[in-house]
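All remarks here apply to the structure that follows.
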Amino acid sequence: MFNVLLKKDLEHITTHSESVLDQLRGKSIFITGGTGFFGKWILETFAWANIELGLNAKIVVLTRNILNFRKTHQYFFENHLFSFVEGDINNFIFPKDKFDIIIHGATDSNSEIYKSNPLLLFDTILEGTRHILDFAVKCEVRNFLYISSGAIYGRQPSELSHMSEEYSGGPELNVVGTSYAEGKRAAEMLCSLYSSKHDISIKVERCFAFVGPYLPLNKHFAIGNFMSDCLLNRPIIIKGDGTPIRSYLYSADLIIWLFTILIKGENCRPYNVGSEVGISIESLARTIAALTKDPLEIKILTRITSQSGIEKYLPSTKRAQNELGLCQFIDINDSIQRTLIYHKASYEINKYYL
C-alpha cells in the first residue's frame with residue numbers, strides 16, 4: 001500500500017537509487033520524525049520499494065500521537081512493513097528490539113515555538129538527540145543518520161554566493177530566535193562525541209529548503225503559503241519585501257540524497273542537502289501566480305529598506321556531488337507543478353492508495 005498520487009515520484013526515486021535501497025534489504029530500521037514531511041516520504045519510499053524491489057525491511061516509527069496519524073494515513077498501518085511506537089523523543093521507552101539503522105529526523109521547526117518557548121525548542125532538539133543516541137548505543141546500532149539543518153551556519157554573508165560545509169559561521173548566540181539553529185549545531189557535536197566513544201557510524205545531513213507533496217501549505221514556509229493562495233485563487237501575499245533568495249530541492253530528489261548519504265556518506269562528515277539554484281521570494285511568487293488560469297495578484301507588504309545586501313540561504317552541494325555523485329534532477333518549475341497537481345488531485349479523491 002502506498003499513495004498512488006506519488007507513483008511517478010516513487011518510480012523516480014527507485015530509478016536513481018536502486019543500488020542504495022538494495023543495501024537496506026532485510027534491515028531493521030527505527031525512525032523518529034516519521035510522521036512529518038521527511039518522514040512521510042521515507043515511509044512512502046519504503047512501501048513502494050518493498051513492492052518493486054522486495055526489500056523486506058522492518059520499519060519501526062516513533063510518533064507522539066498514533067491515533068492522529070492513523071486517521072490520515074491508515075494505509076501505513078495496514079502494511080506489514082511498519083509498526084508504530086507512541087512516545088516523545090525526549091523520554092520514550094526504548095523498545096527491546098535490536099536495530100541495524102536509526103534515522104533521526106524528529107524536530108519541531110514550528111516558527112511559533114521559536115517565539116513562544118525557544119528554550120523548550122533548544123532542549124527538545126538537544127535532549128531528544130541525546131536520548132535517541134543512548135537508544136542507539138543500547139540496541140547496538142552501527143549506522144545512524146542525523147538530519148540536521150543549514151540553519152547551523154547562521155546568517156549567510158551577502159558576499160558569499162553559497163555556503164559550503166567548510167563555512168565556519170554560526171548563529172548569533174545572544175539572539176533567542178536562533179535556538180533552533182544552535183540546538184541543531186549542538187546536536188551535531190553530540191553525534192560526533194557518541195560516534196567517537198561508541199563506534200557508531202553517524203551520517204549528518206544539513207538540510208536547506210524543499211518543496212513537494214506533504215509540505216504544509218499553512219505553516220511558515222513561503223513556498224507552501226504561495227501555493228495555498230494559488231489553489232484557493234486568492235492574491236499572493238508577500239509579508240516581507242520579496243528580495244530574500246532561497247532554493248528548493250524537490251522531495252523525490254531529497255529522498256535520493258537522504259538514502260545515498262545514509263549508505264555511502266562518511267562518518268561524521270556533514271553533507272549539505274538542497275538546491276544550488278537560487279530564486280528570490282518575489283520571483284517565486286510570480287512563478288506560482290503565472291500557473292493559474294488567470295494570473296493572481298501579488299501584494300508585497302514591506303518596502304525595501306535593507307542596505308546591508310540581499311538575504312540569502314543557499315547551499316553549496318559540491319561535496320555531495322563530487323563524493324557521492326548526487327545531483328538535482330527536478331527543477332523548481334517542475335517541482336511546483338508536481339506539487340500543485342498532487343494537491344489538486346488529492347482534493348478530488350478520498351482514497352488514493354493501493
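Within each chain, counting starts at residue 1; across the C-alpha cells, chains are named A, B, ... in the order shown, with ligands numbered 1 upward in that order.
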message = To test your reading of the structure, identify every residue in stretch 274-335 of chain A that backbone DSSP assigns to helix (DSSP H, G or I), and report it as a list of chain:residue names.
response = A:Ile281, A:Glu282, A:Ser283, A:Leu284, A:Ala285, A:Arg286, A:Thr287, A:Ile288, A:Ala289, A:Lys318, A:Arg319, A:Ala320, A:Gln321, A:Asn322, A:Glu323, A:Leu324, A:Ile332, A:Asn333, A:Asp334, A:Ser335
Output of the above residues as a JSON list (two decimals), in the first residue's frame, restricted to N, CA and C atoms:
```
[["chain", "number", "residue", "atom", "x", "y", "z"],
["A", 281, "ILE", "N", 12.17, 35.55, -3.40],
["A", 281, "ILE", "CA", 10.80, 35.28, -2.93],
["A", 281, "ILE", "C", 9.78, 35.91, -3.87],
["A", 282, "GLU", "N", 10.07, 37.11, -4.36],
["A", 282, "GLU", "CA", 9.15, 37.74, -5.31],
["A", 282, "GLU", "C", 9.06, 36.94, -6.61],
["A", 283, "SER", "N", 10.20, 36.51, -7.15],
["A", 283, "SER", "CA", 10.19, 35.71, -8.38],
["A", 283, "SER", "C", 9.47, 34.38, -8.16],
["A", 284, "LEU", "N", 9.65, 33.80, -6.99],
["A", 284, "LEU", "CA", 8.96, 32.57, -6.65],
["A", 284, "LEU", "C", 7.45, 32.78, -6.69],
["A", 285, "ALA", "N", 6.99, 33.88, -6.08],
["A", 285, "ALA", "CA", 5.56, 34.19, -6.06],
["A", 285, "ALA", "C", 5.04, 34.39, -7.48],
["A", 286, "ARG", "N", 5.80, 35.08, -8.31],
["A", 286, "ARG", "CA", 5.36, 35.34, -9.68],
["A", 286, "ARG", "C", 5.34, 34.05, -10.51],
["A", 287, "THR", "N", 6.28, 33.16, -10.25],
["A", 287, "THR", "CA", 6.30, 31.87, -10.94],
["A", 287, "THR", "C", 5.05, 31.07, -10.61],
["A", 288, "ILE", "N", 4.68, 31.05, -9.34],
["A", 288, "ILE", "CA", 3.49, 30.31, -8.92],
["A", 288, "ILE", "C", 2.23, 30.99, -9.43],
["A", 289, "ALA", "N", 2.17, 32.32, -9.34],
["A", 289, "ALA", "CA", 0.98, 33.06, -9.78],
["A", 289, "ALA", "C", 0.70, 32.84, -11.26],
["A", 318, "LYS", "N", 28.65, 20.88, -3.54],
["A", 318, "LYS", "CA", 29.75, 20.28, -4.29],
["A", 318, "LYS", "C", 30.27, 19.00, -3.62],
["A", 319, "ARG", "N", 30.28, 18.97, -2.28],
["A", 319, "ARG", "CA", 30.76, 17.78, -1.58],
["A", 319, "ARG", "C", 29.90, 16.57, -1.93],
["A", 320, "ALA", "N", 28.58, 16.73, -1.85],
["A", 320, "ALA", "CA", 27.68, 15.62, -2.17],
["A", 320, "ALA", "C", 27.77, 15.24, -3.64],
["A", 321, "GLN", "N", 27.94, 16.24, -4.50],
["A", 321, "GLN", "CA", 28.05, 15.96, -5.93],
["A", 321, "GLN", "C", 29.34, 15.21, -6.25],
["A", 322, "ASN", "N", 30.46, 15.73, -5.75],
["A", 322, "ASN", "CA", 31.76, 15.18, -6.11],
["A", 322, "ASN", "C", 32.06, 13.84, -5.43],
["A", 323, "GLU", "N", 31.65, 13.70, -4.16],
["A", 323, "GLU", "CA", 31.99, 12.50, -3.42],
["A", 323, "GLU", "C", 30.96, 11.38, -3.56],
["A", 324, "LEU", "N", 29.69, 11.76, -3.75],
["A", 324, "LEU", "CA", 28.63, 10.75, -3.75],
["A", 324, "LEU", "C", 27.86, 10.69, -5.07],
["A", 332, "ILE", "N", 12.90, 23.79, -10.31],
["A", 332, "ILE", "CA", 11.91, 24.45, -9.47],
["A", 332, "ILE", "C", 10.54, 24.52, -10.16],
["A", 333, "ASN", "N", 10.51, 24.78, -11.45],
["A", 333, "ASN", "CA", 9.22, 24.89, -12.14],
["A", 333, "ASN", "C", 8.49, 23.56, -12.13],
["A", 334, "ASP", "N", 9.20, 22.49, -12.44],
["A", 334, "ASP", "CA", 8.60, 21.15, -12.42],
["A", 334, "ASP", "C", 8.19, 20.78, -11.00],
["A", 335, "SER", "N", 9.01, 21.17, -10.02],
["A", 335, "SER", "CA", 8.71, 20.87, -8.62],
["A", 335, "SER", "C", 7.38, 21.51, -8.20]]
```
As a short mmCIF file (atom, residue, chain, number, x, y, z; two decimals) with C-alpha atoms, in the first residue's frame, please: all residues of stretch 203-267 of chain A that backbone DSSP puts in strand (DSSP E or B).
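Wrote result-v2.cif, looks like this:
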```cif
data_model
loop_
_atom_site.label_atom_id
_atom_site.label_comp_id
_atom_site.auth_asym_id
_atom_site.auth_seq_id
_atom_site.Cartn_x
_atom_site.Cartn_y
_atom_site.Cartn_z
CA LYS A 203 25.93 10.37 8.84
CA VAL A 204 24.98 14.05 9.03
CA GLU A 205 22.76 15.85 6.53
CA ARG A 206 22.47 19.65 6.71
CA CYS A 207 19.15 20.24 5.01
CA PHE A 210 12.38 21.81 -0.02
CA VAL A 211 9.10 21.57 -1.88
CA ILE A 236 -0.42 36.01 -3.10
CA ILE A 237 0.77 37.91 -0.06
CA ILE A 238 4.49 38.55 0.46
CA ILE A 245 16.86 34.42 -2.11
CA ARG A 246 16.09 30.78 -1.42
CA LEU A 249 15.01 20.78 -3.79
CA TYR A 250 12.07 18.58 -4.74
#
```
note = atom CA of A:Lys312 sits from atom CA of A:Pro157 at a separation of 7.8 Å
ask   = If we count only C-alpha atoms, what is near A:Leu145 at a cut-off of 10 Å, once residues fewer than 5 positions away on the same chain are taken out, given as a ChimeraX atom specification?
value = /A:31,101-105,191,201-205,258-259,261-263,265,267-268
Kindly export the residues of the current selection with C-alpha atoms, as a compact mmCIF listing (two decimals), in the first residue's frame.
```
# COMPACT_ATOMS: atom_id res chain seq x y z
CA ILE A 31 12.73 6.23 12.54
CA ILE A 101 19.83 1.61 11.40
CA ILE A 102 18.34 4.67 13.08
CA ILE A 103 17.09 7.66 11.09
CA HIS A 104 16.68 10.61 13.44
CA GLY A 105 14.59 13.33 11.85
CA CYS A 191 26.66 12.92 17.37
CA SER A 201 28.86 5.40 12.09
CA ILE A 202 26.87 8.64 12.09
CA LYS A 203 25.93 10.37 8.84
CA VAL A 204 24.98 14.05 9.03
CA GLU A 205 22.76 15.85 6.53
CA LEU A 258 18.95 11.10 2.07
CA PHE A 259 19.38 7.38 1.43
CA ILE A 261 24.21 9.75 2.29
CA LEU A 262 22.96 7.16 4.78
CA ILE A 263 24.63 4.34 2.85
CA GLY A 265 28.40 9.05 3.33
CA ASN A 267 31.23 9.03 9.31
CA CYS A 268 30.59 12.43 10.94
```
message = With only C-alpha atoms as the counted atoms, please give the residues lying no more than 8 Å from stretch 38-48 of chain A, apart from itself and same-chain residues fewer than 3 positions off, as a PyMOL selection string.
response = chain A and resi 1-3+10+13+31-35+51-52+76+79+81+105+214+251-252+255
query = Can you tell me, as JSON, numbers by chain, what residues are no more than 10 Å from A:Asp22 when counting only C-alpha atoms, ignoring any on the same chain fewer than 2 positions away?
reply = {"A": [14, 17, 18, 19, 20, 24, 25, 26, 49, 53, 54, 55]}
key: Nearby residues (only C-alpha atoms) at most 8 Å from A:Leu296, same-chain spacing under 3 positions excluded, as a list in words   = Cys230, Asn233, Arg234, Pro235, Ile236, Ala289, Ala290 and Thr292 of chain A
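From atom CA of A:Gly36 back to atom CA of A:Arg269, the distance works out to 24.9 Å.
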query = Interatomic distance between atom CA of A:His198 and atom CA of A:Thr317?
reply = 29.3 Å
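Remark: for A:Ile93, the closest of the candidate residues A:Ser116, A:Asn68, A:Ile125, A:His131 is A:His131 (distances computed over only C-alpha atoms).
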ask   = Could you name the residues that touch A:Asp100 at 8 Å or less, counting only C-alpha atoms, but leaving out those on the same chain fewer than 5 positions away, as number ranges by chain?
value = A: 27-29, 140-143
Next, the residues of the selection above should be written as a PDB file, in the first residue's frame with C-alpha atoms.
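Output file again-v9.pdb follows:
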```pdb
ATOM      1  CA  LYS A  27      17.352  -4.330   7.692  1.00  0.00           C
ATOM      2  CA  SER A  28      15.619  -3.347  10.900  1.00  0.00           C
ATOM      3  CA  ILE A  29      15.209   0.446  10.944  1.00  0.00           C
ATOM      4  CA  GLU A 140      23.910  -1.717  19.170  1.00  0.00           C
ATOM      5  CA  VAL A 141      23.116   0.309  16.071  1.00  0.00           C
ATOM      6  CA  ARG A 142      26.055   0.634  13.674  1.00  0.00           C
ATOM      7  CA  ASN A 143      24.576   3.118  11.187  1.00  0.00           C
TER       8      ASN A 143
END
```
ask   = For A:Leu126, which residue out of A:Ser280, A:Ser158, A:Gln328, A:Ser179 is the nearest one, using only C-alpha atoms?
value = A:Ser179
request  = Go through A:Arg130, A:His73, A:Lys219, A:Lys344 and flag the residue nearest A:Leu231, using only C-alpha atoms for the distances.
outcome  = A:Lys344
